[in-house]
Amino acid sequence: MSTKLNFTDRVEIDENDLDAQIIEDSNNLGSYEIQLSWNLVRHDLVTPFDIVFSCKALGETLRFSPSQSSSVSASEKFSLNNMRNALETTVGIKVVHRDSKNIPVVIASLNNLIPRLPNRQSARRSLLKTMKDPALHVPWRLMFDDGIPVLHITDEHDLYGKLTDSTPEFDSLILPEIVRQIFDWLVFSPEDKDQFYCDGWKSIFENLGCPRTFFDQLSSPDDEGGIDGMSISQRRDVRERSYELSDEFANEMNLLAILSGIEMGEE
Amino acid sequence: MIIATSLAVRSFNEKGVDKFLYLMRNRGPDLFLELERLTVNPAFTQDLGVELEWKQVTTRLEMAEVMWELFGSGKSLESRSGDPLIWNWLSAALFETLVRGDGTYVQKKKNEEIERWVLTKSSRSYHRHLVSGPFFVFQNNWPNVQNAMCMLAESHRPIKGVPPVLIFSEVHERITGKRELAYGQLAHLATLLYVDPKTMKIRDNLTDKLGEPQQLSTFCRQLDLTVDYESMTVRELLDFLPKNFSGLVSKVKSENPQYR
């Protein structure tokens, strides 16, 4: 299991230190710019340093060096014209200091900040992104894109709208299995995971009765071999726990009661 | 219809993309004809009033150069270079030309990944798109495009009967698939490591060797949080690579005295 370890005393920049807002490019209809404002005054950063920003969406990235790259506090606008999915972008900031060996060490960073979008004052960060997927041959599939759980729902035969808008039982039917798969991913997947989503889902599992220490024990340096060293019976225990949590989730959300209350039409 | 000289560029609407996706997925016997009709049908497309000067392309580099004339810096569609509706239309309009009207090849490749031809918003495989992919490599590395040849060069060993523009190799996948490697100094480093400077083709026998492209991708992923390797120069990167790259690094330095 991947855990974020900080061996280099890197400062973890708070979301309140960086404001990001996507705005429509007034000179170019349908194109976007991003306004980035940062204030790192309260952090004791080693000087000299340079600040770099990155904007990332699925399969694309832009890197910006602001003109005031050595300023702890400033604001600057960048074009997102070349991004295919500008409104889907997340923002990262790195503060970089060249050490005595001239290696550009990241001394402070923040990743995956979701910018405010045009006409919205705040963007709520969902722990489960949903995506219309016209290339998907099954009704839905949970995928882990760039370390983030994303629910892909097919749009073959225009099914996306029918499933999400016109089928109230759809969420109730799939959510417990999604919860189970995310638990499996947290425990078993060796891929790098986004810390925000990891922490968020661990909190949900904690609320469902899975002690936080469960995850800490799995990633403990004292644990011989970590996940790779788990015995078959330990793996079976984890699997059983994933089913228990799925059950508990359905119970907490009253999903079966909701389902039983749905009038199943004969159309 | 096989395009000979120029093409009046249009854009799909959302329904046009859906129809294109449907046709490419099913690949019926009249696919070429159906695509030709679809790409001029006003119910599914919109004229952009722009001409594409076309020449038959063989390599990914040539594809990028042709598209640059449409979407590149200062060109007529520059501000829409990220628009999947246009790229999908181009893909549909050029499909028969690119596969050289070879219906047998098209059927043989019926089960290939749909993202090679169709861009969908949810796709994680934008970089594999055969029409737009080379352009984005070109754009991300302009004006130093020669430094990005690892993503545009053809393989040392061609596949008989298949033009290189239709081949997306392991090296292309590994480098374009990790965003941080696909531009700037990292792309230049990968080109030095994996492209033979004499032939300008991908070096032979890279797979399963020390320093192969997957190892470069893994190495960079391990450093993502701690070192801003994207800001390092090629010389710094060559000296920074771990020992399993030493064979390739020595080769690069012997080929390029300026990096010794």
# chains A, B, ... in the order shown; residues from 1 in each chain; ligands from 1
call {"tool": "interface_residues", "arguments": {"of": "chain B", "to": "chain A", "cutoff": "7 Å", "atoms": "only C-alpha atoms", "output": "ChimeraX atom specification"}}
result
/B:79,81-83,122,124-127,179,225-229
call {"tool": "residues_around", "arguments": {"residues": "Phe44 in chain B", "least_positions_apart": "4", "cutoff": "8 Å", "atoms": "only C-alpha atoms", "output": "MDAnalysis selection string"}}
result
chainID B and resid 12:16 38:40
call {"tool": "select_by_dssp", "arguments": {"residues": "range 34-255 of chain B", "states": "strand (DSSP E)", "output": "ChimeraX atom specification"}}
result
/B:45-53,195-196,201-202
call {"tool": "closest_residue", "arguments": {"among": "B:Ala92, B:Ala190, B:Leu31, B:Val131", "to": "Ala153 in chain B", "atoms": "only C-alpha atoms"}}
result
B:Ala190
call {"tool": "closest_residue", "arguments": {"among": "A:Glu15, A:Glu248, A:Glu169, A:Glu76", "to": "Gly92 in chain A", "atoms": "only C-alpha atoms"}}
result
A:Glu15
call {"tool": "residues_around", "arguments": {"residues": "Glu78 in chain B", "least_positions_apart": "6", "cutoff": "10 Å", "atoms": "only C-alpha atoms", "output": "mmCIF file with N, CA, C and O atoms, in the first residue's frame"}}
result
data_model
loop_
_atom_site.group_PDB
_atom_site.id
_atom_site.type_symbol
_atom_site.label_atom_id
_atom_site.label_comp_id
_atom_site.auth_asym_id
_atom_site.auth_seq_id
_atom_site.Cartn_x
_atom_site.Cartn_y
_atom_site.Cartn_z
ATOM 1 N N ASN A 81 -5.492 27.847 -23.125
ATOM 2 C CA ASN A 81 -5.973 27.622 -24.492
ATOM 3 C C ASN A 81 -5.637 26.246 -25.039
ATOM 4 O O ASN A 81 -6.403 25.663 -25.786
ATOM 5 N N ASN A 82 -4.445 25.765 -24.705
ATOM 6 C CA ASN A 82 -4.001 24.510 -25.303
ATOM 7 C C ASN A 82 -4.509 23.283 -24.580
ATOM 8 O O ASN A 82 -4.159 22.163 -24.943
ATOM 9 N N TRP B 68 0.326 21.035 -37.907
ATOM 10 C CA TRP B 68 0.862 22.311 -37.410
ATOM 11 C C TRP B 68 0.395 23.473 -38.292
ATOM 12 O O TRP B 68 0.149 24.577 -37.806
ATOM 13 N N GLU B 69 0.266 23.205 -39.600
ATOM 14 C CA GLU B 69 -0.175 24.248 -40.516
ATOM 15 C C GLU B 69 -1.624 24.681 -40.233
ATOM 16 O O GLU B 69 -2.072 25.721 -40.690
ATOM 17 N N LEU B 70 -2.331 23.856 -39.506
ATOM 18 C CA LEU B 70 -3.722 24.163 -39.178
ATOM 19 C C LEU B 70 -3.865 24.730 -37.757
ATOM 20 O O LEU B 70 -4.550 25.718 -37.528
ATOM 21 N N PHE B 71 -3.184 24.063 -36.809
ATOM 22 C CA PHE B 71 -3.378 24.387 -35.387
ATOM 23 C C PHE B 71 -2.172 25.071 -34.742
ATOM 24 O O PHE B 71 -2.225 25.413 -33.552
ATOM 25 N N GLY B 72 -1.079 25.195 -35.473
ATOM 26 C CA GLY B 72 0.157 25.690 -34.856
ATOM 27 C C GLY B 72 0.114 27.159 -34.490
ATOM 28 O O GLY B 72 -0.896 27.854 -34.696
#
call {"tool": "closest_residue", "arguments": {"among": "A:Phe205, A:Phe249, A:Trp140, A:Tyr160", "to": "Ile174 in chain A", "atoms": "only C-alpha atoms"}}
result
A:Trp140
call {"tool": "select_by_dssp", "arguments": {"residues": "range 45-249 of chain B", "states": "helix (DSSP H, G or I)", "output": "PDB file with C-alpha atoms, in the first residue's frame"}}
result
ATOM      1  CA  ARG B  60       4.287  10.658 -37.176  1.00  0.00           C
ATOM      2  CA  LEU B  61       6.593  13.631 -37.738  1.00  0.00           C
ATOM      3  CA  GLU B  62       5.005  14.348 -41.118  1.00  0.00           C
ATOM      4  CA  MET B  63       1.543  14.080 -39.576  1.00  0.00           C
ATOM      5  CA  ALA B  64       2.552  16.618 -36.929  1.00  0.00           C
ATOM      6  CA  GLU B  65       3.947  18.995 -39.547  1.00  0.00           C
ATOM      7  CA  VAL B  66       0.754  18.877 -41.622  1.00  0.00           C
ATOM      8  CA  MET B  67      -1.426  19.520 -38.573  1.00  0.00           C
ATOM      9  CA  TRP B  68       0.862  22.311 -37.410  1.00  0.00           C
ATOM     10  CA  GLU B  69      -0.175  24.248 -40.516  1.00  0.00           C
ATOM     11  CA  LEU B  70      -3.722  24.163 -39.178  1.00  0.00           C
ATOM     12  CA  PHE B  71      -3.378  24.387 -35.387  1.00  0.00           C
ATOM     13  CA  GLU B  78      -4.599  27.710 -33.080  1.00  0.00           C
ATOM     14  CA  SER B  79      -7.149  28.633 -30.433  1.00  0.00           C
ATOM     15  CA  ARG B  80      -9.075  25.414 -31.087  1.00  0.00           C
ATOM     16  CA  PRO B  84     -11.847  17.014 -29.707  1.00  0.00           C
ATOM     17  CA  LEU B  85     -14.773  17.762 -32.039  1.00  0.00           C
ATOM     18  CA  ILE B  86     -12.369  18.953 -34.752  1.00  0.00           C
ATOM     19  CA  TRP B  87      -9.797  16.237 -34.122  1.00  0.00           C
ATOM     20  CA  ASN B  88     -12.463  13.567 -34.375  1.00  0.00           C
ATOM     21  CA  TRP B  89     -13.714  15.044 -37.625  1.00  0.00           C
ATOM     22  CA  LEU B  90     -10.168  15.059 -39.029  1.00  0.00           C
ATOM     23  CA  SER B  91      -9.703  11.509 -37.881  1.00  0.00           C
ATOM     24  CA  ALA B  92     -12.885  10.445 -39.677  1.00  0.00           C
ATOM     25  CA  ALA B  93     -12.080  12.417 -42.818  1.00  0.00           C
ATOM     26  CA  LEU B  94      -8.514  11.112 -43.048  1.00  0.00           C
ATOM     27  CA  PHE B  95      -9.173   7.537 -41.958  1.00  0.00           C
ATOM     28  CA  GLU B  96      -9.397   6.003 -45.436  1.00  0.00           C
ATOM     29  CA  THR B  97      -6.410   8.026 -46.619  1.00  0.00           C
ATOM     30  CA  LEU B  98      -4.242   7.021 -43.675  1.00  0.00           C
ATOM     31  CA  GLY B 103     -10.255  -2.591 -46.095  1.00  0.00           C
ATOM     32  CA  THR B 104      -8.524  -5.810 -45.098  1.00  0.00           C
ATOM     33  CA  TYR B 105      -6.203  -3.939 -42.741  1.00  0.00           C
ATOM     34  CA  VAL B 106      -9.180  -2.096 -41.240  1.00  0.00           C
ATOM     35  CA  GLN B 107     -11.035  -5.326 -40.503  1.00  0.00           C
ATOM     36  CA  LYS B 108      -7.894  -6.979 -39.170  1.00  0.00           C
ATOM     37  CA  ILE B 114     -10.818   2.769 -30.162  1.00  0.00           C
ATOM     38  CA  GLU B 115      -8.837   5.716 -28.750  1.00  0.00           C
ATOM     39  CA  ARG B 116      -6.355   5.395 -31.614  1.00  0.00           C
ATOM     40  CA  TYR B 126      -5.329  10.916 -25.609  1.00  0.00           C
ATOM     41  CA  HIS B 127      -1.657  10.444 -26.326  1.00  0.00           C
ATOM     42  CA  ARG B 128      -2.400   7.312 -28.375  1.00  0.00           C
ATOM     43  CA  SER B 132      -3.778  14.482 -32.864  1.00  0.00           C
ATOM     44  CA  GLY B 133      -1.066  12.719 -30.799  1.00  0.00           C
ATOM     45  CA  PRO B 134       1.873  13.682 -33.055  1.00  0.00           C
ATOM     46  CA  PHE B 135       0.642  17.280 -33.227  1.00  0.00           C
ATOM     47  CA  PHE B 136       0.535  17.613 -29.431  1.00  0.00           C
ATOM     48  CA  VAL B 137       4.093  16.285 -29.208  1.00  0.00           C
ATOM     49  CA  PHE B 138       5.070  18.893 -31.804  1.00  0.00           C
ATOM     50  CA  GLN B 139       3.174  21.668 -30.036  1.00  0.00           C
ATOM     51  CA  ASN B 140       4.465  20.815 -26.562  1.00  0.00           C
ATOM     52  CA  ASN B 141       8.049  20.922 -27.821  1.00  0.00           C
ATOM     53  CA  VAL B 145      10.837  19.615 -32.056  1.00  0.00           C
ATOM     54  CA  GLN B 146      14.002  17.664 -32.875  1.00  0.00           C
ATOM     55  CA  ASN B 147      14.404  17.178 -29.120  1.00  0.00           C
ATOM     56  CA  ALA B 148      11.125  15.240 -29.033  1.00  0.00           C
ATOM     57  CA  MET B 149      11.911  12.722 -31.755  1.00  0.00           C
ATOM     58  CA  CYS B 150      11.563   9.820 -29.316  1.00  0.00           C
ATOM     59  CA  MET B 151       7.793  10.378 -29.657  1.00  0.00           C
ATOM     60  CA  PRO B 164       4.916   4.178 -39.482  1.00  0.00           C
ATOM     61  CA  VAL B 165       2.235   6.822 -38.919  1.00  0.00           C
ATOM     62  CA  LEU B 166      -0.112   4.000 -37.866  1.00  0.00           C
ATOM     63  CA  GLU B 170       6.404   0.917 -26.789  1.00  0.00           C
ATOM     64  CA  VAL B 171       8.780   3.898 -26.645  1.00  0.00           C
ATOM     65  CA  HIS B 172       6.041   6.256 -27.844  1.00  0.00           C
ATOM     66  CA  GLU B 173       3.714   4.850 -25.195  1.00  0.00           C
ATOM     67  CA  ARG B 174       6.126   5.120 -22.293  1.00  0.00           C
ATOM     68  CA  ILE B 175       7.275   8.663 -23.021  1.00  0.00           C
ATOM     69  CA  THR B 176       4.027  10.265 -24.179  1.00  0.00           C
ATOM     70  CA  GLY B 177       2.114   8.342 -21.488  1.00  0.00           C
ATOM     71  CA  ARG B 179       3.060  13.795 -18.982  1.00  0.00           C
ATOM     72  CA  GLU B 180       6.230  15.043 -17.322  1.00  0.00           C
ATOM     73  CA  LEU B 181       8.379  13.160 -19.836  1.00  0.00           C
ATOM     74  CA  GLY B 184      11.115  20.020 -22.453  1.00  0.00           C
ATOM     75  CA  GLN B 185      14.351  18.667 -21.055  1.00  0.00           C
ATOM     76  CA  LEU B 186      12.880  15.267 -20.185  1.00  0.00           C
ATOM     77  CA  ALA B 187      11.703  14.721 -23.759  1.00  0.00           C
ATOM     78  CA  HIS B 188      15.141  15.758 -24.973  1.00  0.00           C
ATOM     79  CA  LEU B 189      16.767  13.332 -22.540  1.00  0.00           C
ATOM     80  CA  ALA B 190      14.507  10.508 -23.742  1.00  0.00           C
ATOM     81  CA  THR B 191      15.350  11.340 -27.366  1.00  0.00           C
ATOM     82  CA  LEU B 192      19.070  11.169 -26.630  1.00  0.00           C
ATOM     83  CA  LEU B 193      18.613   7.866 -24.811  1.00  0.00           C
ATOM     84  CA  TYR B 194      16.267   6.119 -27.217  1.00  0.00           C
ATOM     85  CA  PRO B 213      11.783   3.700 -21.297  1.00  0.00           C
ATOM     86  CA  GLN B 214       9.616   2.101 -18.616  1.00  0.00           C
ATOM     87  CA  GLN B 215      12.499   2.418 -16.151  1.00  0.00           C
ATOM     88  CA  LEU B 216      12.858   6.112 -16.998  1.00  0.00           C
ATOM     89  CA  SER B 217       9.177   6.594 -16.321  1.00  0.00           C
ATOM     90  CA  THR B 218       9.403   4.709 -13.018  1.00  0.00           C
ATOM     91  CA  PHE B 219      12.495   6.633 -11.931  1.00  0.00           C
ATOM     92  CA  CYS B 220      10.781   9.970 -12.538  1.00  0.00           C
ATOM     93  CA  ARG B 221       7.614   8.838 -10.777  1.00  0.00           C
ATOM     94  CA  GLN B 222       9.676   8.024  -7.684  1.00  0.00           C
ATOM     95  CA  LEU B 223      11.052  11.570  -7.676  1.00  0.00           C
ATOM     96  CA  TYR B 229      13.530  17.147 -12.327  1.00  0.00           C
ATOM     97  CA  GLU B 230      11.580  19.043 -14.989  1.00  0.00           C
ATOM     98  CA  SER B 231      13.745  22.089 -14.256  1.00  0.00           C
ATOM     99  CA  VAL B 234      19.883  17.515 -20.022  1.00  0.00           C
ATOM    100  CA  ARG B 235      23.454  17.430 -18.784  1.00  0.00           C
ATOM    101  CA  GLU B 236      22.275  17.460 -15.165  1.00  0.00           C
ATOM    102  CA  LEU B 237      19.726  14.740 -15.888  1.00  0.00           C
ATOM    103  CA  LEU B 238      22.295  12.514 -17.582  1.00  0.00           C
ATOM    104  CA  ASP B 239      24.502  12.719 -14.493  1.00  0.00           C
ATOM    105  CA  PHE B 240      21.526  12.279 -12.187  1.00  0.00           C
ATOM    106  CA  LYS B 243      23.333   3.148 -12.477  1.00  0.00           C
ATOM    107  CA  ASN B 244      20.978   1.044 -14.547  1.00  0.00           C
ATOM    108  CA  PHE B 245      21.101   3.780 -17.179  1.00  0.00           C
ATOM    109  CA  SER B 246      24.912   3.891 -17.274  1.00  0.00           C
ATOM    110  CA  GLY B 247      25.221   1.943 -20.551  1.00  0.00           C
ATOM    111  CA  LEU B 248      22.849   4.244 -22.394  1.00  0.00           C
ATOM    112  CA  VAL B 249      24.304   7.361 -20.750  1.00  0.00           C
TER     113      VAL B 249
END
